[in-house]
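Structure data (compact mmCIF, C-alpha atoms and all ligand atoms) from target_39.txt:
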# COMPACT_ATOMS: atom_id res chain seq x y z
CA MET L 6 11.05 5.54 22.51
CA THR L 7 9.00 6.73 19.57
CA THR L 8 6.29 5.03 17.59
CA SER L 9 6.82 5.05 13.85
CA ASP L 10 4.14 3.91 11.42
CA SER L 11 6.68 2.16 9.28
CA THR L 12 8.65 0.34 11.96
CA VAL L 13 7.92 -3.37 11.67
CA ALA L 14 8.08 -5.91 14.48
CA ILE L 15 7.69 -9.66 14.43
CA ILE L 16 6.36 -10.96 17.73
CA GLY L 17 6.89 -14.68 18.23
CA THR L 18 10.07 -16.51 17.29
CA GLY L 19 8.63 -19.94 16.47
CA ASN L 20 8.18 -21.62 13.11
CA ILE L 21 6.42 -18.76 11.34
CA GLY L 22 8.10 -15.87 13.15
CA GLY L 23 11.55 -17.32 12.53
CA ARG L 24 10.93 -18.04 8.86
CA LEU L 25 9.37 -14.66 8.23
CA ALA L 26 12.36 -13.06 9.91
CA ALA L 27 14.70 -14.87 7.51
CA ASN L 28 12.58 -13.89 4.49
CA PHE L 29 12.40 -10.22 5.52
CA ALA L 30 16.13 -10.07 6.14
CA ALA L 31 16.83 -11.66 2.75
CA GLY L 32 14.75 -8.87 1.20
CA GLY L 33 16.61 -6.14 3.08
CA GLN L 34 13.65 -5.33 5.36
CA ASP L 35 14.72 -4.06 8.79
CA PHE L 36 12.56 -5.06 11.74
CA LEU L 37 12.34 -5.64 15.47
CA LEU L 38 12.18 -9.25 16.62
CA ALA L 39 10.54 -10.05 19.94
CA GLY L 40 9.72 -13.26 21.77
CA ARG L 41 9.02 -14.27 25.32
CA ASP L 42 12.43 -15.91 25.21
CA GLU L 43 14.62 -12.88 24.50
CA GLU L 44 17.76 -15.00 24.19
CA ALA L 45 16.11 -17.03 21.39
CA ALA L 46 15.23 -13.78 19.62
CA ARG L 47 18.81 -12.52 19.99
CA LYS L 48 20.17 -15.78 18.52
CA ILE L 49 17.89 -15.57 15.48
CA ALA L 50 18.65 -11.87 14.99
CA ALA L 51 22.40 -12.49 15.17
CA ASP L 52 22.23 -14.47 11.91
CA LEU L 53 20.26 -11.88 9.94
CA ASP L 54 22.97 -9.51 8.74
CA GLY L 55 21.94 -6.61 10.94
CA HIS L 56 18.36 -6.45 9.63
CA ALA L 57 16.78 -7.64 12.90
CA GLU L 58 17.02 -5.97 16.31
CA ALA L 59 16.04 -8.27 19.17
CA VAL L 60 13.89 -6.45 21.72
CA SER L 61 11.38 -7.32 24.43
CA VAL L 62 7.72 -7.71 23.44
CA ASP L 63 6.97 -4.57 25.44
CA GLU L 64 9.54 -2.56 23.50
CA ALA L 65 8.28 -3.94 20.16
CA VAL L 66 4.74 -2.85 21.01
CA ASP L 67 5.99 0.61 21.97
CA ARG L 68 8.21 1.19 18.96
CA ALA L 69 6.56 -0.51 15.99
CA GLY L 70 3.62 0.68 13.94
CA VAL L 71 3.25 -2.69 12.23
CA LEU L 72 3.15 -5.77 14.45
CA VAL L 73 3.27 -9.22 12.86
CA VAL L 74 1.96 -11.36 15.71
CA ALA L 75 3.18 -14.87 14.91
CA VAL L 76 1.57 -16.74 17.78
CA TRP L 77 -1.32 -19.20 18.15
CA LEU L 78 -4.89 -17.94 18.36
CA ASP L 79 -5.30 -18.23 22.16
CA ASP L 80 -1.96 -16.49 22.74
CA PHE L 81 -3.04 -13.80 20.26
CA ARG L 82 -6.22 -13.23 22.27
CA GLN L 83 -4.13 -12.92 25.43
CA PHE L 84 -1.71 -10.57 23.68
CA ILE L 85 -4.59 -8.25 22.71
CA ALA L 86 -6.02 -8.44 26.24
CA GLN L 87 -2.60 -7.62 27.72
CA TYR L 88 -1.70 -4.70 25.47
CA GLY L 89 -5.21 -3.36 24.83
CA ASP L 90 -5.16 0.37 24.11
CA ARG L 91 -1.40 0.31 23.46
CA LEU L 92 -2.31 -1.31 20.12
CA ALA L 93 -4.50 1.61 19.02
CA GLY L 94 -3.24 3.20 15.81
CA LYS L 95 -1.16 0.18 14.84
CA VAL L 96 -1.41 -2.30 12.01
CA ILE L 97 -1.76 -5.78 13.46
CA VAL L 98 -0.83 -8.57 11.07
CA ASP L 99 -2.48 -11.92 11.77
CA PRO L 100 -1.07 -15.17 10.33
CA SER L 101 -3.10 -17.38 12.68
CA ASN L 102 -4.86 -20.54 11.61
CA PRO L 103 -7.58 -21.44 14.09
CA VAL L 104 -6.59 -25.09 14.38
CA GLY L 105 -5.24 -27.55 16.90
CA PRO L 106 -4.22 -31.22 16.87
CA ASP L 107 -6.98 -33.82 17.03
CA ASP L 108 -6.91 -37.42 18.28
CA THR L 109 -5.88 -38.79 14.89
CA GLY L 110 -2.69 -36.74 14.65
CA THR L 111 -4.10 -34.26 12.13
CA TYR L 112 -5.57 -30.80 12.65
CA ARG L 113 -9.12 -29.68 13.31
CA LYS L 114 -10.64 -26.23 13.49
CA VAL L 115 -10.94 -24.93 17.06
CA ILE L 116 -13.61 -22.33 16.27
CA GLY L 117 -16.89 -22.67 14.40
CA ALA L 118 -16.69 -23.97 10.81
CA GLN L 119 -17.89 -20.64 9.43
CA GLU L 120 -15.80 -18.51 11.81
CA SER L 121 -12.52 -16.79 10.94
CA SER L 122 -9.79 -16.16 13.48
CA GLY L 123 -8.96 -12.92 11.65
CA GLN L 124 -12.46 -11.60 12.12
CA ILE L 125 -12.57 -12.73 15.75
CA LEU L 126 -9.25 -11.02 16.51
CA ALA L 127 -10.22 -7.85 14.64
CA GLY L 128 -13.28 -7.64 16.88
CA LEU L 129 -11.08 -7.75 19.99
CA LEU L 130 -8.75 -4.93 18.95
CA PRO L 131 -9.13 -1.41 20.36
CA ALA L 132 -10.59 1.32 18.15
CA GLY L 133 -8.03 2.59 15.67
CA ALA L 134 -6.02 -0.64 15.42
CA ARG L 135 -6.27 -2.18 11.94
CA LEU L 136 -5.93 -5.91 11.41
CA VAL L 137 -4.58 -7.38 8.21
CA LYS L 138 -4.75 -11.14 7.63
CA ALA L 139 -1.52 -12.37 6.01
CA PHE L 140 1.36 -14.84 6.16
CA GLY L 141 -0.73 -17.81 7.29
CA THR L 142 -1.85 -19.27 3.98
CA LEU L 143 1.28 -21.33 3.37
CA SER L 144 2.79 -23.93 5.66
CA ALA L 145 5.95 -22.95 7.47
CA PRO L 146 8.21 -25.08 5.21
CA THR L 147 6.58 -23.58 2.08
CA LEU L 148 7.01 -20.08 3.49
CA SER L 149 10.74 -20.73 3.31
CA ALA L 150 10.90 -22.90 0.18
CA ALA L 151 8.67 -20.75 -2.06
CA ALA L 152 10.20 -17.35 -1.20
CA TRP L 153 12.00 -15.55 -4.05
CA ARG L 154 10.72 -18.05 -6.61
CA GLU L 155 11.91 -17.45 -10.20
CA PRO L 156 10.93 -16.63 -12.88
CA GLU L 157 7.61 -15.71 -11.22
CA ARG L 158 7.11 -15.04 -7.52
CA ALA L 159 4.66 -17.26 -5.64
CA VAL L 160 1.61 -15.45 -4.29
CA GLN L 161 0.75 -14.68 -0.72
CA PHE L 162 -2.87 -13.71 -0.25
CA TYR L 163 -3.93 -11.09 2.27
CA ALA L 164 -7.20 -9.60 3.47
CA ALA L 165 -7.68 -6.09 4.80
CA ASP L 166 -10.55 -3.71 5.47
CA ASP L 167 -8.23 -0.70 5.54
CA ASP L 168 -6.52 0.14 2.22
CA ALA L 169 -3.47 1.86 3.73
CA ALA L 170 -2.87 -0.98 6.18
CA GLY L 171 -3.29 -3.48 3.36
CA ASP L 172 -0.78 -1.60 1.22
CA LEU L 173 1.77 -1.64 4.05
CA VAL L 174 1.42 -5.39 4.41
CA ALA L 175 1.54 -5.91 0.63
CA GLY L 176 4.92 -4.18 0.76
CA LEU L 177 6.06 -6.55 3.49
CA ILE L 178 4.91 -9.55 1.45
CA ARG L 179 7.04 -8.26 -1.44
CA ALA L 180 9.97 -7.63 0.90
CA GLY L 181 9.73 -11.27 2.00
CA GLY L 182 9.98 -12.64 -1.54
CA PHE L 183 6.32 -13.16 -2.53
CA ASP L 184 3.75 -11.48 -4.76
CA PRO L 185 0.84 -9.99 -2.73
CA VAL L 186 -2.75 -10.60 -3.87
CA ARG L 187 -5.61 -9.10 -1.87
CA VAL L 188 -8.66 -11.35 -1.50
CA GLY L 189 -10.84 -8.52 -0.23
CA GLY L 190 -11.84 -7.32 3.21
CA LEU L 191 -11.68 -9.24 6.46
CA ASP L 192 -15.01 -10.86 5.62
CA GLN L 193 -12.90 -12.88 3.14
CA ALA L 194 -10.21 -13.82 5.70
CA ILE L 195 -11.69 -17.27 6.22
CA ARG L 196 -10.75 -18.12 2.62
CA ILE L 197 -7.04 -17.76 3.42
CA GLU L 198 -7.12 -19.53 6.78
CA MET L 199 -6.47 -23.27 7.03
CA PHE L 200 -9.22 -25.31 5.28
CA GLY L 201 -10.25 -22.17 3.35
CA ASP L 202 -10.53 -22.44 -0.42
CA LEU L 203 -7.34 -20.39 -1.03
CA HIS L 204 -5.15 -22.07 1.60
CA GLU L 205 -2.31 -24.49 0.94
CA TYR L 206 -4.19 -26.84 3.30
CA GLY L 207 -7.55 -26.19 1.70
CA ALA L 208 -9.12 -26.51 -1.74
CA LEU L 209 -6.27 -24.67 -3.49
CA GLY L 210 -3.70 -27.01 -2.00
CA ARG L 211 -0.57 -25.47 -3.52
CA THR L 212 1.31 -22.27 -4.21
CA VAL L 213 0.15 -20.22 -7.18
CA THR L 214 1.40 -17.44 -9.44
CA ARG L 215 -0.48 -14.13 -9.78
CA SER L 216 -2.45 -15.21 -12.87
CA GLU L 217 -3.44 -18.49 -11.20
CA ALA L 218 -4.41 -16.60 -8.05
CA LEU L 219 -6.62 -14.18 -9.94
CA GLN L 220 -8.40 -17.13 -11.56
CA ALA L 221 -8.89 -18.80 -8.18
CA LEU L 222 -10.43 -15.63 -6.73
N1 LIG L 301 3.42 -23.74 11.48
C1 LIG L 301 2.80 -23.52 10.35
O1 LIG L 301 2.98 -24.26 9.34
C2 LIG L 301 1.86 -22.36 10.21
C3 LIG L 301 1.45 -21.98 8.92
C4 LIG L 301 0.62 -20.87 8.77
C5 LIG L 301 0.21 -20.15 9.90
N2 LIG L 301 0.61 -20.56 11.15
C6 LIG L 301 0.13 -19.79 12.29
O2 LIG L 301 1.20 -19.01 12.77
C7 LIG L 301 1.08 -18.84 14.19
C8 LIG L 301 2.40 -19.30 14.82
O3 LIG L 301 2.59 -20.66 14.47
P1 LIG L 301 4.02 -21.34 14.65
O4 LIG L 301 3.98 -22.60 13.88
O5 LIG L 301 5.07 -20.34 14.41
O6 LIG L 301 3.97 -21.71 16.20
P2 LIG L 301 5.21 -22.01 17.16
O7 LIG L 301 6.35 -22.56 16.39
O8 LIG L 301 4.64 -22.80 18.28
O9 LIG L 301 5.60 -20.56 17.68
C9 LIG L 301 4.73 -19.79 18.41
C10 LIG L 301 5.56 -18.76 19.11
O10 LIG L 301 4.69 -17.85 19.77
C11 LIG L 301 5.37 -17.43 20.92
N3 LIG L 301 4.45 -16.72 21.81
C12 LIG L 301 3.31 -17.15 22.36
N4 LIG L 301 2.76 -16.18 23.10
C13 LIG L 301 3.57 -15.10 22.99
C14 LIG L 301 3.54 -13.79 23.52
N5 LIG L 301 2.55 -13.37 24.33
N6 LIG L 301 4.54 -12.93 23.21
C15 LIG L 301 5.55 -13.35 22.42
N7 LIG L 301 5.64 -14.57 21.88
C16 LIG L 301 4.65 -15.45 22.18
C17 LIG L 301 5.92 -18.72 21.47
O11 LIG L 301 6.87 -18.43 22.44
P3 LIG L 301 7.32 -19.49 23.57
O12 LIG L 301 8.42 -20.27 22.89
O13 LIG L 301 7.76 -18.63 24.68
O14 LIG L 301 6.10 -20.31 23.89
C18 LIG L 301 6.48 -19.32 20.20
O15 LIG L 301 7.79 -18.86 19.95
C19 LIG L 301 -0.11 -19.68 14.63
O16 LIG L 301 -1.23 -18.83 14.77
C20 LIG L 301 -0.34 -20.64 13.45
O17 LIG L 301 -1.69 -20.98 13.29
C21 LIG L 301 1.43 -21.63 11.32
Could I get this file's structure written as structure tokens?
Amino acid sequence: MTTSDSTVAIIGTGNIGGRLAANFAAGGQDFLLAGRDEEAARKIAADLDGHAEAVSVDEAVDRAGVLVVAVWLDDFRQFIAQYGDRLAGKVIVDPSNPVGPDDTGTYRKVIGAQESSGQILAGLLPAGARLVKAFGTLSAPTLSAAAWREPERAVQFYAADDDAAGDLVAGLIRAGGFDPVRVGGLDQAIRIEMFGDLHEYGALGRTVTRSEALQAL
């Protein structure tokens, strides 16, 4: 197996992983799809016109240079702990919102109010791995419904410290039917996580076009 900078893998076949997979395939983006349940990954891949190859998580980590890790924050922490130095040199894409259900049936933040899951996860990565925050700013239904919007694409914000890694992910956002807008470095990631001012479930509260996004920044 070889590692290629441009090989993309989605890890996690739940709500976000599955919807991203459909969006990428619709845009002609080829990728590896990996979940703990390999049969579930195979079933999803079978419907994606040959754009997705279902593999084990281990194989995805070995082969891909860009890993979209579509799992919850605690599982993401465990994923980094498990794969450690095998993530060095890779672009790690983080859609996580640091939230969990509360007693009233809504969501609450599970880390400090001023903390960002993107920054926490970036701090756990081995040297040489570059985290980009993306694909978590819209709810799962909106991720499907707002893709390929005409006449103007809806925006997906992203945050990156590393320009080249950010550019790679901007290309993936385009491939999935959205217009990428960078909010800045990872110190801005909190703005595009749930309850952040640019999140669908935050002050912005909706999808925006590029000109609206630039005003909101
Ligand atoms: N749902 C939303 O509207 C939404 C919107 C924006 C961002 N997000 C963020 O996106 C992330 C995923 O959310 P989701 O709604 O897609 O959750 P989900 O539907 O519960 O899916 C999570 C997936 O992660 C998989 N997983 C967990 N640990 C794994 C590992 N070590 N290796 C491979 N797969 C693993 C789970 O597999 P098993 O089935 O084996 O447990 C499950 O398929 C979360 O961080 C969430 O905050 C969600």
Once you count all atoms listed in the file, which residues end up no further than 10 Å from (-6.4, -12.7, -4.9) in the file's frame, shown as a PDB file with C-alpha atoms, keeping the file's coordinate frame?
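Listing of out_23.pdb after writing:
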ATOM      1  CA  VAL L 160       1.610 -15.450  -4.290  1.00  0.00           C
ATOM      2  CA  GLN L 161       0.750 -14.680  -0.720  1.00  0.00           C
ATOM      3  CA  PHE L 162      -2.870 -13.710  -0.250  1.00  0.00           C
ATOM      4  CA  TYR L 163      -3.930 -11.090   2.270  1.00  0.00           C
ATOM      5  CA  ALA L 164      -7.200  -9.600   3.470  1.00  0.00           C
ATOM      6  CA  PRO L 185       0.840  -9.990  -2.730  1.00  0.00           C
ATOM      7  CA  VAL L 186      -2.750 -10.600  -3.870  1.00  0.00           C
ATOM      8  CA  ARG L 187      -5.610  -9.100  -1.870  1.00  0.00           C
ATOM      9  CA  VAL L 188      -8.660 -11.350  -1.500  1.00  0.00           C
ATOM     10  CA  GLY L 189     -10.840  -8.520  -0.230  1.00  0.00           C
ATOM     11  CA  ILE L 197      -7.040 -17.760   3.420  1.00  0.00           C
ATOM     12  CA  LEU L 203      -7.340 -20.390  -1.030  1.00  0.00           C
ATOM     13  CA  ARG L 215      -0.480 -14.130  -9.780  1.00  0.00           C
ATOM     14  CA  SER L 216      -2.450 -15.210 -12.870  1.00  0.00           C
ATOM     15  CA  GLU L 217      -3.440 -18.490 -11.200  1.00  0.00           C
ATOM     16  CA  ALA L 218      -4.410 -16.600  -8.050  1.00  0.00           C
ATOM     17  CA  LEU L 219      -6.620 -14.180  -9.940  1.00  0.00           C
ATOM     18  CA  GLN L 220      -8.400 -17.130 -11.560  1.00  0.00           C
ATOM     19  CA  ALA L 221      -8.890 -18.800  -8.180  1.00  0.00           C
ATOM     20  CA  LEU L 222     -10.430 -15.630  -6.730  1.00  0.00           C
TER      21      LEU L 222
END
Residues of chain L at most 7 Å from ligand LIG 301 (chain L): nearest atom pair and distance in Å, only C-alpha atoms and all ligand atoms, as JSON lines:
{"residue": "L:Ile16", "atom": "CA", "partner": "L:LIG301", "partner_atom": "C15", "distance": 5.3}
{"residue": "L:Gly17", "atom": "CA", "partner": "L:LIG301", "partner_atom": "N7", "distance": 3.9}
{"residue": "L:Thr18", "atom": "CA", "partner": "L:LIG301", "partner_atom": "O15", "distance": 4.2}
{"residue": "L:Gly19", "atom": "CA", "partner": "L:LIG301", "partner_atom": "O9", "distance": 3.3}
{"residue": "L:Asn20", "atom": "CA", "partner": "L:LIG301", "partner_atom": "O5", "distance": 3.6}
{"residue": "L:Ile21", "atom": "CA", "partner": "L:LIG301", "partner_atom": "O5", "distance": 3.7}
{"residue": "L:Gly22", "atom": "CA", "partner": "L:LIG301", "partner_atom": "O5", "distance": 5.5}
{"residue": "L:Ala39", "atom": "CA", "partner": "L:LIG301", "partner_atom": "C15", "distance": 6.5}
{"residue": "L:Gly40", "atom": "CA", "partner": "L:LIG301", "partner_atom": "C15", "distance": 4.2}
{"residue": "L:Arg41", "atom": "CA", "partner": "L:LIG301", "partner_atom": "O13", "distance": 4.6}
{"residue": "L:Asp42", "atom": "CA", "partner": "L:LIG301", "partner_atom": "O13", "distance": 5.4}
{"residue": "L:Val62", "atom": "CA", "partner": "L:LIG301", "partner_atom": "N6", "distance": 6.1}
{"residue": "L:Ala75", "atom": "CA", "partner": "L:LIG301", "partner_atom": "C8", "distance": 4.5}
{"residue": "L:Val76", "atom": "CA", "partner": "L:LIG301", "partner_atom": "O10", "distance": 3.9}
{"residue": "L:Trp77", "atom": "CA", "partner": "L:LIG301", "partner_atom": "O16", "distance": 3.4}
{"residue": "L:Leu78", "atom": "CA", "partner": "L:LIG301", "partner_atom": "O16", "distance": 5.2}
{"residue": "L:Asp80", "atom": "CA", "partner": "L:LIG301", "partner_atom": "N4", "distance": 4.7}
{"residue": "L:Phe81", "atom": "CA", "partner": "L:LIG301", "partner_atom": "N4", "distance": 6.9}
{"residue": "L:Gln83", "atom": "CA", "partner": "L:LIG301", "partner_atom": "N5", "distance": 6.8}
{"residue": "L:Phe84", "atom": "CA", "partner": "L:LIG301", "partner_atom": "N5", "distance": 5.1}
{"residue": "L:Pro100", "atom": "CA", "partner": "L:LIG301", "partner_atom": "O2", "distance": 5.1}
{"residue": "L:Ser101", "atom": "CA", "partner": "L:LIG301", "partner_atom": "O16", "distance": 3.2}
{"residue": "L:Asn102", "atom": "CA", "partner": "L:LIG301", "partner_atom": "O17", "distance": 3.6}
{"residue": "L:Pro103", "atom": "CA", "partner": "L:LIG301", "partner_atom": "O17", "distance": 6.0}
{"residue": "L:Val104", "atom": "CA", "partner": "L:LIG301", "partner_atom": "O17", "distance": 6.5}
{"residue": "L:Phe140", "atom": "CA", "partner": "L:LIG301", "partner_atom": "C5", "distance": 6.6}
{"residue": "L:Gly141", "atom": "CA", "partner": "L:LIG301", "partner_atom": "C5", "distance": 3.6}
{"residue": "L:Thr142", "atom": "CA", "partner": "L:LIG301", "partner_atom": "C4", "distance": 5.6}
{"residue": "L:Leu143", "atom": "CA", "partner": "L:LIG301", "partner_atom": "C4", "distance": 5.5}
{"residue": "L:Ser144", "atom": "CA", "partner": "L:LIG301", "partner_atom": "O1", "distance": 3.7}
{"residue": "L:Ala145", "atom": "CA", "partner": "L:LIG301", "partner_atom": "O1", "distance": 3.7}
{"residue": "L:Pro146", "atom": "CA", "partner": "L:LIG301", "partner_atom": "O1", "distance": 6.7}
- [ ] Determine, counting only C-alpha atoms, which protein, DNA and RNA residues have an atom within 7 Å of an atom of L:Arg158; residues of the same chain fewer than 6 positions away are not included. Present the result as a list of chain:residue names.
- [x]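 After dropping sequence-adjacent residues, the list is L:Phe183, L:Asp184, L:Thr214.
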Open item on the list: Just the number, please: distance in Å from atom CA of L:Ser61 to atom CA of L:Leu126, one decimal.
Closed with: 22.4 Å
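Shortest atom-to-atom contact with L:Asp99 among L:Asp192, L:Lys138, L:Ala127, L:Asp166: L:Lys138, counting all atoms listed in the file.
Between atom CA of L:Leu173 and atom CA of L:Ser11 the separation is 8.1 Å.
In this model, the gap between atom CA of L:Ala169 and atom CA of L:Gln34 comes to 18.6 Å.
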Task: Selection as a list in words: residues within 10 Å of (1.0, -1.3, 4.1), counting all atoms listed in the file - done: Asp10, Ser11, Val71, Val96, Val137, Ala165, Asp167, Asp168, Ala169, Ala170, Gly171, Asp172, Leu173, Val174, Ala175, Gly176, Leu177 and Ile178 of chain L
TODO: Between L:Leu72, L:Ala208, L:Ala31, L:Val66, single out the one closest to L:Asp52, counting only C-alpha atoms.
DONE: L:Ala31
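Using only C-alpha atoms, the nearest neighbour of L:Ala27 within the list L:Ala150, L:Arg113, L:Ala93, L:Leu209 is L:Ala150.
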Task: Top pick for closest residue to L:Arg82, considering L:Ile125, L:Ala59, L:Ile97, L:Ala50 and counting all atoms listed in the file - done: L:Ile125
How big is the axis-aligned box, and where does its centre sit, when it encloses all atoms of stretch 119-138 of chain L listed in the file and has 3 Å added on every side, reported in Å to one decimal as AutoDock Vina command-line options?
--center_x -11.2 --center_y -9.0 --center_z 14.0 --size_x 19.3 --size_y 29.2 --size_z 18.7
Task: Top pick for closest residue to L:Ala57, considering L:Asp79, L:Ala86, L:Ala134, L:Thr12 and counting only C-alpha atoms - done: L:Thr12
Give me stretch 79-87 of chain L with all heavy atoms filled in, as a PDB file, in the coordinates of the input.
ATOM      1  N   ASP L  79      -5.031 -18.547  20.742  1.00  0.00           N
ATOM      2  CA  ASP L  79      -5.300 -18.230  22.160  1.00  0.00           C
ATOM      3  C   ASP L  79      -4.267 -17.245  22.705  1.00  0.00           C
ATOM      4  O   ASP L  79      -4.601 -16.353  23.488  1.00  0.00           O
ATOM      5  CB  ASP L  79      -5.298 -19.505  23.010  1.00  0.00           C
ATOM      6  CG  ASP L  79      -6.635 -20.217  22.909  1.00  0.00           C
ATOM      7  OD1 ASP L  79      -7.599 -19.610  22.382  1.00  0.00           O
ATOM      8  OD2 ASP L  79      -6.714 -21.384  23.333  1.00  0.00           O
ATOM      9  N   ASP L  80      -3.000 -17.432  22.285  1.00  0.00           N
ATOM     10  CA  ASP L  80      -1.960 -16.490  22.740  1.00  0.00           C
ATOM     11  C   ASP L  80      -2.203 -15.105  22.132  1.00  0.00           C
ATOM     12  O   ASP L  80      -1.898 -14.087  22.757  1.00  0.00           O
ATOM     13  CB  ASP L  80      -0.574 -17.001  22.326  1.00  0.00           C
ATOM     14  CG  ASP L  80      -0.160 -18.228  23.119  1.00  0.00           C
ATOM     15  OD1 ASP L  80      -0.578 -18.344  24.283  1.00  0.00           O
ATOM     16  OD2 ASP L  80       0.562 -19.076  22.569  1.00  0.00           O
ATOM     17  N   PHE L  81      -2.735 -15.076  20.915  1.00  0.00           N
ATOM     18  CA  PHE L  81      -3.040 -13.800  20.260  1.00  0.00           C
ATOM     19  C   PHE L  81      -4.133 -13.071  21.059  1.00  0.00           C
ATOM     20  O   PHE L  81      -4.057 -11.865  21.310  1.00  0.00           O
ATOM     21  CB  PHE L  81      -3.509 -14.069  18.825  1.00  0.00           C
ATOM     22  CG  PHE L  81      -3.215 -13.004  17.821  1.00  0.00           C
ATOM     23  CD1 PHE L  81      -2.758 -13.320  16.553  1.00  0.00           C
ATOM     24  CD2 PHE L  81      -3.423 -11.661  18.116  1.00  0.00           C
ATOM     25  CE1 PHE L  81      -2.492 -12.341  15.601  1.00  0.00           C
ATOM     26  CE2 PHE L  81      -3.166 -10.672  17.166  1.00  0.00           C
ATOM     27  CZ  PHE L  81      -2.706 -11.029  15.916  1.00  0.00           C
ATOM     28  N   ARG L  82      -5.150 -13.835  21.457  1.00  0.00           N
ATOM     29  CA  ARG L  82      -6.220 -13.230  22.270  1.00  0.00           C
ATOM     30  C   ARG L  82      -5.635 -12.633  23.548  1.00  0.00           C
ATOM     31  O   ARG L  82      -5.978 -11.531  23.948  1.00  0.00           O
ATOM     32  CB  ARG L  82      -7.254 -14.289  22.647  1.00  0.00           C
ATOM     33  CG  ARG L  82      -8.182 -14.721  21.527  1.00  0.00           C
ATOM     34  CD  ARG L  82      -9.208 -15.676  22.142  1.00  0.00           C
ATOM     35  NE  ARG L  82     -10.320 -15.938  21.285  1.00  0.00           N
ATOM     36  CZ  ARG L  82     -10.602 -17.150  20.771  1.00  0.00           C
ATOM     37  NH1 ARG L  82      -9.837 -18.178  21.026  1.00  0.00           N
ATOM     38  NH2 ARG L  82     -11.663 -17.315  20.017  1.00  0.00           N
ATOM     39  N   GLN L  83      -4.736 -13.407  24.175  1.00  0.00           N
ATOM     40  CA  GLN L  83      -4.130 -12.920  25.430  1.00  0.00           C
ATOM     41  C   GLN L  83      -3.261 -11.690  25.174  1.00  0.00           C
ATOM     42  O   GLN L  83      -3.216 -10.771  25.986  1.00  0.00           O
ATOM     43  CB  GLN L  83      -3.284 -14.019  26.059  1.00  0.00           C
ATOM     44  CG  GLN L  83      -4.124 -15.021  26.822  1.00  0.00           C
ATOM     45  CD  GLN L  83      -3.308 -16.190  27.332  1.00  0.00           C
ATOM     46  OE1 GLN L  83      -2.105 -16.064  27.564  1.00  0.00           O
ATOM     47  NE2 GLN L  83      -3.939 -17.334  27.477  1.00  0.00           N
ATOM     48  N   PHE L  84      -2.562 -11.711  24.044  1.00  0.00           N
ATOM     49  CA  PHE L  84      -1.710 -10.570  23.680  1.00  0.00           C
ATOM     50  C   PHE L  84      -2.571  -9.302  23.558  1.00  0.00           C
ATOM     51  O   PHE L  84      -2.220  -8.245  24.081  1.00  0.00           O
ATOM     52  CB  PHE L  84      -1.001 -10.894  22.355  1.00  0.00           C
ATOM     53  CG  PHE L  84      -0.252  -9.750  21.740  1.00  0.00           C
ATOM     54  CD1 PHE L  84       1.030  -9.426  22.160  1.00  0.00           C
ATOM     55  CD2 PHE L  84      -0.828  -8.987  20.735  1.00  0.00           C
ATOM     56  CE1 PHE L  84       1.722  -8.363  21.588  1.00  0.00           C
ATOM     57  CE2 PHE L  84      -0.153  -7.922  20.161  1.00  0.00           C
ATOM     58  CZ  PHE L  84       1.123  -7.611  20.590  1.00  0.00           C
ATOM     59  N   ILE L  85      -3.709  -9.418  22.879  1.00  0.00           N
ATOM     60  CA  ILE L  85      -4.590  -8.250  22.710  1.00  0.00           C
ATOM     61  C   ILE L  85      -5.126  -7.814  24.079  1.00  0.00           C
ATOM     62  O   ILE L  85      -5.163  -6.616  24.394  1.00  0.00           O
ATOM     63  CB  ILE L  85      -5.745  -8.559  21.743  1.00  0.00           C
ATOM     64  CG1 ILE L  85      -5.197  -8.785  20.330  1.00  0.00           C
ATOM     65  CG2 ILE L  85      -6.766  -7.418  21.739  1.00  0.00           C
ATOM     66  CD1 ILE L  85      -6.225  -9.282  19.316  1.00  0.00           C
ATOM     67  N   ALA L  86      -5.496  -8.791  24.911  1.00  0.00           N
ATOM     68  CA  ALA L  86      -6.020  -8.440  26.240  1.00  0.00           C
ATOM     69  C   ALA L  86      -4.934  -7.739  27.060  1.00  0.00           C
ATOM     70  O   ALA L  86      -5.209  -6.776  27.778  1.00  0.00           O
ATOM     71  CB  ALA L  86      -6.496  -9.701  26.952  1.00  0.00           C
ATOM     72  N   GLN L  87      -3.691  -8.206  26.921  1.00  0.00           N
ATOM     73  CA  GLN L  87      -2.600  -7.620  27.720  1.00  0.00           C
ATOM     74  C   GLN L  87      -2.254  -6.210  27.270  1.00  0.00           C
ATOM     75  O   GLN L  87      -2.053  -5.331  28.096  1.00  0.00           O
ATOM     76  CB  GLN L  87      -1.356  -8.516  27.613  1.00  0.00           C
ATOM     77  CG  GLN L  87      -0.186  -7.989  28.433  1.00  0.00           C
ATOM     78  CD  GLN L  87       1.025  -8.918  28.365  1.00  0.00           C
ATOM     79  OE1 GLN L  87       0.938 -10.044  27.840  1.00  0.00           O
ATOM     80  NE2 GLN L  87       2.144  -8.462  28.889  1.00  0.00           N
TER      81      GLN L  87
END
